[in-house]
>>> print(open('final-v6.cif').read())   # mmCIF, C-alpha atoms
data_start
loop_
_atom_site.group_PDB
_atom_site.id
_atom_site.type_symbol
_atom_site.label_atom_id
_atom_site.label_comp_id
_atom_site.auth_asym_id
_atom_site.auth_seq_id
_atom_site.Cartn_x
_atom_site.Cartn_y
_atom_site.Cartn_z
ATOM 1 C CA MET A 21 -23.595 -3.343 22.254
ATOM 2 C CA THR A 22 -23.485 -0.480 19.741
ATOM 3 C CA LEU A 23 -22.508 -1.009 16.118
ATOM 4 C CA SER A 24 -19.150 0.702 16.617
ATOM 5 C CA GLU A 25 -18.445 -1.555 19.598
ATOM 6 C CA GLN A 26 -19.385 -4.638 17.578
ATOM 7 C CA LEU A 27 -17.075 -3.605 14.745
ATOM 8 C CA TRP A 28 -14.190 -2.939 17.124
ATOM 9 C CA GLN A 29 -14.680 -6.257 18.920
ATOM 10 C CA ALA A 30 -14.873 -8.137 15.631
ATOM 11 C CA ASN A 31 -11.441 -6.787 14.715
ATOM 12 C CA GLN A 32 -9.638 -7.451 17.989
ATOM 13 C CA GLU A 33 -7.228 -9.854 16.327
ATOM 14 C CA LEU A 34 -5.944 -7.062 14.104
ATOM 15 C CA ALA A 35 -5.893 -4.577 16.987
ATOM 16 C CA GLN A 36 -3.757 -6.956 19.039
ATOM 17 C CA ALA A 37 -1.520 -7.613 16.036
ATOM 18 C CA CYS A 38 -0.915 -3.875 15.731
ATOM 19 C CA LEU A 39 -0.119 -3.625 19.440
ATOM 20 C CA ALA A 40 2.339 -6.509 19.192
ATOM 21 C CA HIS A 41 3.899 -5.221 15.966
ATOM 22 C CA PRO A 42 7.636 -4.554 16.325
ATOM 23 C CA PHE A 43 7.161 -0.989 15.095
ATOM 24 C CA VAL A 44 4.672 -0.198 17.876
ATOM 25 C CA GLN A 45 6.673 -2.106 20.460
ATOM 26 C CA GLY A 46 9.744 -0.165 19.371
ATOM 27 C CA ILE A 47 7.864 3.039 20.176
ATOM 28 C CA ALA A 48 6.833 1.545 23.515
ATOM 29 C CA THR A 49 10.425 0.799 24.533
ATOM 30 C CA GLY A 50 12.086 3.709 22.775
ATOM 31 C CA THR A 51 14.233 1.303 20.751
ATOM 32 C CA LEU A 52 12.635 1.866 17.347
ATOM 33 C CA PRO A 53 15.375 2.911 14.889
ATOM 34 C CA LYS A 54 15.203 6.636 14.270
ATOM 35 C CA ASN A 55 15.142 6.290 10.492
ATOM 36 C CA LYS A 56 12.003 4.145 10.657
ATOM 37 C CA PHE A 57 10.195 6.638 12.878
ATOM 38 C CA ALA A 58 11.265 9.547 10.661
ATOM 39 C CA TYR A 59 9.891 7.688 7.644
ATOM 40 C CA TYR A 60 6.651 7.004 9.522
ATOM 41 C CA VAL A 61 6.291 10.691 10.406
ATOM 42 C CA GLY A 62 6.388 11.663 6.736
ATOM 43 C CA GLN A 63 3.980 8.927 5.690
ATOM 44 C CA ASP A 64 1.591 9.722 8.522
ATOM 45 C CA ALA A 65 1.558 13.411 7.653
ATOM 46 C CA PHE A 66 0.611 12.506 4.064
ATOM 47 C CA PHE A 67 -2.083 10.200 5.407
ATOM 48 C CA LEU A 68 -3.459 12.820 7.809
ATOM 49 C CA GLU A 69 -3.882 15.342 5.015
ATOM 50 C CA ALA A 70 -6.117 12.823 3.224
ATOM 51 C CA PHE A 71 -7.855 12.091 6.529
ATOM 52 C CA ALA A 72 -8.696 15.773 6.928
ATOM 53 C CA ARG A 73 -10.002 15.914 3.348
ATOM 54 C CA ALA A 74 -12.217 12.874 3.963
ATOM 55 C CA TYR A 75 -13.650 14.548 7.056
ATOM 56 C CA SER A 76 -14.371 17.649 5.006
ATOM 57 C CA ILE A 77 -16.092 15.670 2.248
ATOM 58 C CA ALA A 78 -18.172 13.845 4.847
ATOM 59 C CA ALA A 79 -19.130 17.176 6.410
ATOM 60 C CA VAL A 80 -20.480 18.399 3.078
ATOM 61 C CA ARG A 81 -22.411 15.154 2.636
ATOM 62 C CA SER A 82 -23.738 15.163 6.206
ATOM 63 C CA PRO A 83 -27.452 14.490 6.631
ATOM 64 C CA ASN A 84 -27.909 17.350 9.107
ATOM 65 C CA TRP A 85 -26.212 20.283 10.779
ATOM 66 C CA GLU A 86 -25.328 18.319 13.903
ATOM 67 C CA SER A 87 -23.272 15.755 12.014
ATOM 68 C CA PHE A 88 -21.752 18.519 9.866
ATOM 69 C CA LEU A 89 -20.409 20.174 13.014
ATOM 70 C CA VAL A 90 -18.983 16.909 14.339
ATOM 71 C CA PHE A 91 -17.133 16.172 11.092
ATOM 72 C CA HIS A 92 -15.944 19.771 10.898
ATOM 73 C CA ASN A 93 -14.606 19.671 14.462
ATOM 74 C CA LEU A 94 -12.909 16.335 13.843
ATOM 75 C CA ALA A 95 -11.177 17.807 10.811
ATOM 76 C CA GLY A 96 -9.895 20.553 13.100
ATOM 77 C CA GLY A 97 -8.498 17.886 15.399
ATOM 78 C CA VAL A 98 -6.539 16.398 12.508
ATOM 79 C CA LEU A 99 -5.062 19.810 11.732
ATOM 80 C CA GLU A 100 -3.856 20.000 15.341
ATOM 81 C CA GLU A 101 -2.337 16.545 14.971
ATOM 82 C CA LEU A 102 -0.542 17.705 11.840
ATOM 83 C CA LYS A 103 1.085 20.449 13.903
ATOM 84 C CA LEU A 104 2.553 17.717 16.102
ATOM 85 C CA HIS A 105 3.899 16.026 12.995
ATOM 86 C CA GLN A 106 5.471 19.291 11.891
ATOM 87 C CA ASN A 107 7.299 19.384 15.219
ATOM 88 C CA TYR A 108 8.380 15.788 14.698
ATOM 89 C CA ALA A 109 9.480 16.605 11.171
ATOM 90 C CA THR A 110 11.674 19.428 12.413
ATOM 91 C CA GLN A 111 13.090 17.211 15.145
ATOM 92 C CA TRP A 112 13.791 14.272 12.845
ATOM 93 C CA GLY A 113 14.849 16.209 9.762
ATOM 94 C CA VAL A 114 11.867 15.240 7.596
ATOM 95 C CA ASN A 115 10.759 17.485 4.728
ATOM 96 C CA LEU A 116 6.992 17.005 4.685
ATOM 97 C CA GLN A 117 6.725 18.777 1.330
ATOM 98 C CA LYS A 118 8.810 16.070 -0.335
ATOM 99 C CA VAL A 119 7.137 12.962 1.051
ATOM 100 C CA SER A 120 6.528 10.239 -1.515
ATOM 101 C CA PRO A 121 3.700 7.990 -0.294
ATOM 102 C CA SER A 122 4.413 4.296 -0.016
ATOM 103 C CA LEU A 123 2.113 1.740 -1.603
ATOM 104 C CA ALA A 124 0.547 1.061 1.819
ATOM 105 C CA THR A 125 -0.028 4.765 2.429
ATOM 106 C CA ARG A 126 -1.478 5.389 -1.013
ATOM 107 C CA ARG A 127 -3.739 2.341 -0.747
ATOM 108 C CA TYR A 128 -5.123 3.629 2.553
ATOM 109 C CA THR A 129 -5.626 7.244 1.452
ATOM 110 C CA ASP A 130 -7.199 6.238 -1.857
ATOM 111 C CA PHE A 131 -9.605 3.984 0.034
ATOM 112 C CA LEU A 132 -10.610 6.752 2.461
ATOM 113 C CA LEU A 133 -11.173 9.356 -0.222
ATOM 114 C CA ALA A 134 -13.043 6.973 -2.517
ATOM 115 C CA THR A 135 -15.285 5.995 0.389
ATOM 116 C CA ALA A 136 -15.922 9.652 1.239
ATOM 117 C CA TRP A 137 -16.791 10.646 -2.331
ATOM 118 C CA ASN A 138 -18.989 7.651 -3.131
ATOM 119 C CA ASN A 139 -20.856 6.823 0.056
ATOM 120 C CA PRO A 140 -23.109 8.427 2.656
ATOM 121 C CA ALA A 141 -21.324 10.239 5.471
ATOM 122 C CA GLY A 142 -22.060 7.413 7.918
ATOM 123 C CA LEU A 143 -19.976 4.946 5.930
ATOM 124 C CA THR A 144 -17.144 7.456 5.722
ATOM 125 C CA ALA A 145 -17.227 7.509 9.514
ATOM 126 C CA VAL A 146 -16.952 3.702 9.433
ATOM 127 C CA ALA A 147 -13.842 3.904 7.247
ATOM 128 C CA MET A 148 -12.212 6.460 9.546
ATOM 129 C CA ALA A 149 -13.211 5.086 12.944
ATOM 130 C CA PRO A 150 -10.619 2.261 13.057
ATOM 131 C CA CYS A 151 -7.727 4.717 12.893
ATOM 132 C CA MET A 152 -9.061 6.820 15.743
ATOM 133 C CA ARG A 153 -10.052 3.926 18.003
ATOM 134 C CA LEU A 154 -6.864 1.964 17.280
ATOM 135 C CA TYR A 155 -4.576 4.875 18.128
ATOM 136 C CA ALA A 156 -6.509 5.560 21.328
ATOM 137 C CA PHE A 157 -6.153 1.868 22.194
ATOM 138 C CA LEU A 158 -2.428 1.794 21.414
ATOM 139 C CA GLY A 159 -1.776 4.983 23.345
ATOM 140 C CA GLN A 160 -3.615 3.725 26.413
ATOM 141 C CA GLU A 161 -1.931 0.324 26.295
ATOM 142 C CA LEU A 162 1.542 1.837 25.959
ATOM 143 C CA ALA A 163 0.843 4.252 28.826
ATOM 144 C CA LYS A 164 -0.599 1.631 31.200
ATOM 145 C CA ASN A 165 2.381 1.728 33.515
ATOM 146 C CA GLY A 166 3.021 5.431 33.060
ATOM 147 C CA ILE A 167 4.480 7.288 30.109
ATOM 148 C CA PRO A 168 8.133 6.301 29.764
ATOM 149 C CA GLU A 169 10.911 8.848 29.343
ATOM 150 C CA HIS A 170 12.479 8.337 25.936
ATOM 151 C CA GLN A 171 12.535 9.799 22.427
ATOM 152 C CA TYR A 172 9.003 8.604 21.583
ATOM 153 C CA SER A 173 7.302 9.729 24.786
ATOM 154 C CA ASP A 174 5.379 12.487 23.001
ATOM 155 C CA TRP A 175 3.770 9.954 20.668
ATOM 156 C CA ILE A 176 2.531 7.866 23.581
ATOM 157 C CA SER A 177 1.419 10.957 25.471
ATOM 158 C CA THR A 178 -0.586 12.292 22.516
ATOM 159 C CA TYR A 179 -2.557 9.131 21.832
ATOM 160 C CA SER A 180 -3.155 8.232 25.473
ATOM 161 C CA SER A 181 -4.315 11.739 26.369
ATOM 162 C CA ALA A 182 -7.734 12.590 27.734
ATOM 163 C CA GLU A 183 -8.216 14.871 24.722
ATOM 164 C CA PHE A 184 -7.771 12.156 22.088
ATOM 165 C CA VAL A 185 -10.254 9.523 23.251
ATOM 166 C CA PRO A 186 -13.318 11.823 22.917
ATOM 167 C CA LEU A 187 -12.421 12.382 19.258
ATOM 168 C CA ALA A 188 -12.639 8.643 18.634
ATOM 169 C CA THR A 189 -15.893 8.462 20.567
ATOM 170 C CA ALA A 190 -17.416 11.364 18.614
ATOM 171 C CA LEU A 191 -16.664 9.624 15.329
ATOM 172 C CA GLU A 192 -18.081 6.331 16.590
ATOM 173 C CA THR A 193 -21.259 8.134 17.611
ATOM 174 C CA LEU A 194 -21.741 9.069 13.946
ATOM 175 C CA VAL A 195 -21.277 5.425 12.977
ATOM 176 C CA ASP A 196 -23.915 4.346 15.462
ATOM 177 C CA ARG A 197 -26.352 7.051 14.451
ATOM 178 C CA TYR A 198 -26.120 7.074 10.659
ATOM 179 C CA VAL A 199 -25.182 3.560 9.514
ATOM 180 C CA GLU A 200 -28.241 1.468 8.833
ATOM 181 C CA THR A 201 -26.875 -2.066 8.543
ATOM 182 C CA LYS A 202 -23.931 -3.916 10.038
ATOM 183 C CA GLU A 203 -23.467 -5.808 6.776
ATOM 184 C CA THR A 204 -22.506 -2.666 4.847
ATOM 185 C CA ALA A 205 -20.144 -1.497 7.594
ATOM 186 C CA GLU A 206 -18.215 -4.709 8.298
ATOM 187 C CA PRO A 207 -16.057 -4.938 5.138
ATOM 188 C CA ILE A 208 -15.246 -1.219 5.207
ATOM 189 C CA TYR A 209 -14.179 -1.285 8.851
ATOM 190 C CA HIS A 210 -12.151 -4.465 8.420
ATOM 191 C CA TYR A 211 -10.328 -3.142 5.361
ATOM 192 C CA ALA A 212 -9.384 0.026 7.247
ATOM 193 C CA MET A 213 -7.976 -2.099 10.075
ATOM 194 C CA LEU A 214 -5.933 -4.081 7.568
ATOM 195 C CA CYS A 215 -4.618 -0.809 6.158
ATOM 196 C CA GLU A 216 -3.552 0.228 9.659
ATOM 197 C CA TYR A 217 -1.532 -2.941 10.119
ATOM 198 C CA GLU A 218 0.054 -2.606 6.684
ATOM 199 C CA PHE A 219 0.910 1.015 7.457
ATOM 200 C CA PHE A 220 2.976 -0.073 10.478
ATOM 201 C CA GLN A 221 4.489 -2.939 8.514
ATOM 202 C CA SER A 222 5.561 -0.600 5.711
ATOM 203 C CA ALA A 223 7.284 1.731 8.172
ATOM 204 C CA TRP A 224 8.963 -1.215 9.886
ATOM 205 C CA GLU A 225 10.335 -2.510 6.586
ATOM 206 C CA PHE A 226 11.763 0.862 5.617
ATOM 207 C CA SER A 227 15.550 1.034 5.439
ATOM 208 C CA ALA A 228 17.758 3.868 4.257
#
>>> encode(input="final-v6.cif", output="structure tokens")
Amino acid sequence: MTLSEQLWQANQELAQACLAHPFVQGIATGTLPKNKFAYYVGQDAFFLEAFARAYSIAAVRSPNWESFLVFHNLAGGVLEELKLHQNYATQWGVNLQKVSPSLATRRYTDFLLATAWNNPAGLTAVAMAPCMRLYAFLGQELAKNGIPEHQYSDWISTYSSAEFVPLATALETLVDRYVETKETAEPIYHYAMLCEYEFFQSAWEFSA
């Protein structure tokens, strides 16, 4: 089993908790209140901007040209994802230029950027891999019986798509190739998974 597989398996409890979370299940059924999803869209756009920056920092700190290209291409994938959020923002009436990050969002983005600035590129990949693998997992689980027809269908379609999974795999390949010890990776990966859960919880608790 590769290191990335070990890390993912070690955090299955959190992955299942995210899948069972009422926010995610509300997306699955189409019953999530619109105001909560609109709030999530704004927070996720703020998060993705930091995600793209972390990729870019990791690219600069890459040990070789091959890993530089992978990080650079992954950053491009985030920019494409941000275009989807812009469409969501227009649809849901969210002004992405006026998003104020929640404590959960700021905690997650600060963690990612601090990891990127202060660690080798491999450990930055560790911090970012949970987001990619978790969303691929959630998308696939929610699409198991076919993509439902409701207001959140695009979300499920995006993260269950054949195009998204290879992005997660590419990032995990960097983890496996450039992280030397499991002991250094475990707390970083686990903290990122906790941040993912808290991100959903924060959106679920939003009321306006």
>>> atom_distance(input="final-v6.cif", atom1="atom CA of A:Thr204", atom2="atom CA of A:Ala188")
20.4 Å
>>> residues_near_point(input="final-v6.cif", point="(-0.3, -7.5, 16.9)", cutoff="12 Å", atoms="all atoms listed in the file", output="compact mmCIF listing (two decimals) with C-alpha atoms, in the coordinates of the input")
# COMPACT_ATOMS: atom_id res chain seq x y z
CA ASN A 31 -11.44 -6.79 14.72
CA GLN A 32 -9.64 -7.45 17.99
CA GLU A 33 -7.23 -9.85 16.33
CA LEU A 34 -5.94 -7.06 14.10
CA ALA A 35 -5.89 -4.58 16.99
CA GLN A 36 -3.76 -6.96 19.04
CA ALA A 37 -1.52 -7.61 16.04
CA CYS A 38 -0.92 -3.88 15.73
CA LEU A 39 -0.12 -3.62 19.44
CA ALA A 40 2.34 -6.51 19.19
CA HIS A 41 3.90 -5.22 15.97
CA PRO A 42 7.64 -4.55 16.32
CA PHE A 43 7.16 -0.99 15.10
CA VAL A 44 4.67 -0.20 17.88
CA GLN A 45 6.67 -2.11 20.46
CA LEU A 154 -6.86 1.96 17.28
CA LEU A 158 -2.43 1.79 21.41
CA MET A 213 -7.98 -2.10 10.07
CA LEU A 214 -5.93 -4.08 7.57
CA GLU A 216 -3.55 0.23 9.66
CA TYR A 217 -1.53 -2.94 10.12
CA GLU A 218 0.05 -2.61 6.68
CA PHE A 220 2.98 -0.07 10.48
CA GLN A 221 4.49 -2.94 8.51
>>> closest_residue(input="final-v6.cif", among="A:Tyr59, A:Asn93, A:Arg153, A:Tyr209", to="A:Lys118", atoms="all atoms listed in the file")
A:Tyr59
>>> residues_around(input="final-v6.cif", residues="stretch 103-109 of chain A", least_positions_apart="6", cutoff="9 Å", atoms="only C-alpha atoms", output="ChimeraX atom specification")
/A:58,61-62,64-65,115-116,178
>>> resolve_selection(input="final-v6.cif", expression="the PyMOL selection byres ((chain A and resi 144) around 12)", output="number ranges by chain")
A: 71-82, 91, 131-143, 145-150, 191-192, 194-195, 198-199, 204-205, 208-209, 212
>>> closest_residue(input="final-v6.cif", among="A:Ala124, A:Ile47, A:Ala156, A:Cys215", to="A:Ser173", atoms="all atoms listed in the file")
A:Ile47
>>> residues_around(input="final-v6.cif", residues="stretch 159-167 of chain A", least_positions_apart="4", cutoff="6 Å", atoms="only C-alpha atoms", output="list of chain:residue names")
A:Ala48, A:Tyr155, A:Ile176, A:Tyr179, A:Ser180
>>> resolve_selection(input="final-v6.cif", expression="the PyMOL selection byres ((chain A and resi 50) around 8)", output="count of residues only")
10
>>> closest_residue(input="final-v6.cif", among="A:Thr22, A:Gln29, A:Thr110, A:Asn55", to="A:Glu225", atoms="all atoms listed in the file")
A:Asn55
>>> atom_distance(input="final-v6.cif", atom1="atom CA of A:Leu27", atom2="atom CA of A:Phe219")
19.9 Å
>>> atom_distance(input="final-v6.cif", atom1="atom CA of A:Ser87", atom2="atom CA of A:Ser24")
16.3 Å
>>> closest_residue(input="final-v6.cif", among="A:Asn84, A:Gln117, A:Gln63, A:Ser177", to="A:Thr129", atoms="only C-alpha atoms")
A:Gln63
>>> closest_residue(input="final-v6.cif", among="A:Glu86, A:His210, A:Asp130, A:Ser181", to="A:Phe157", atoms="only C-alpha atoms")
A:Ser181
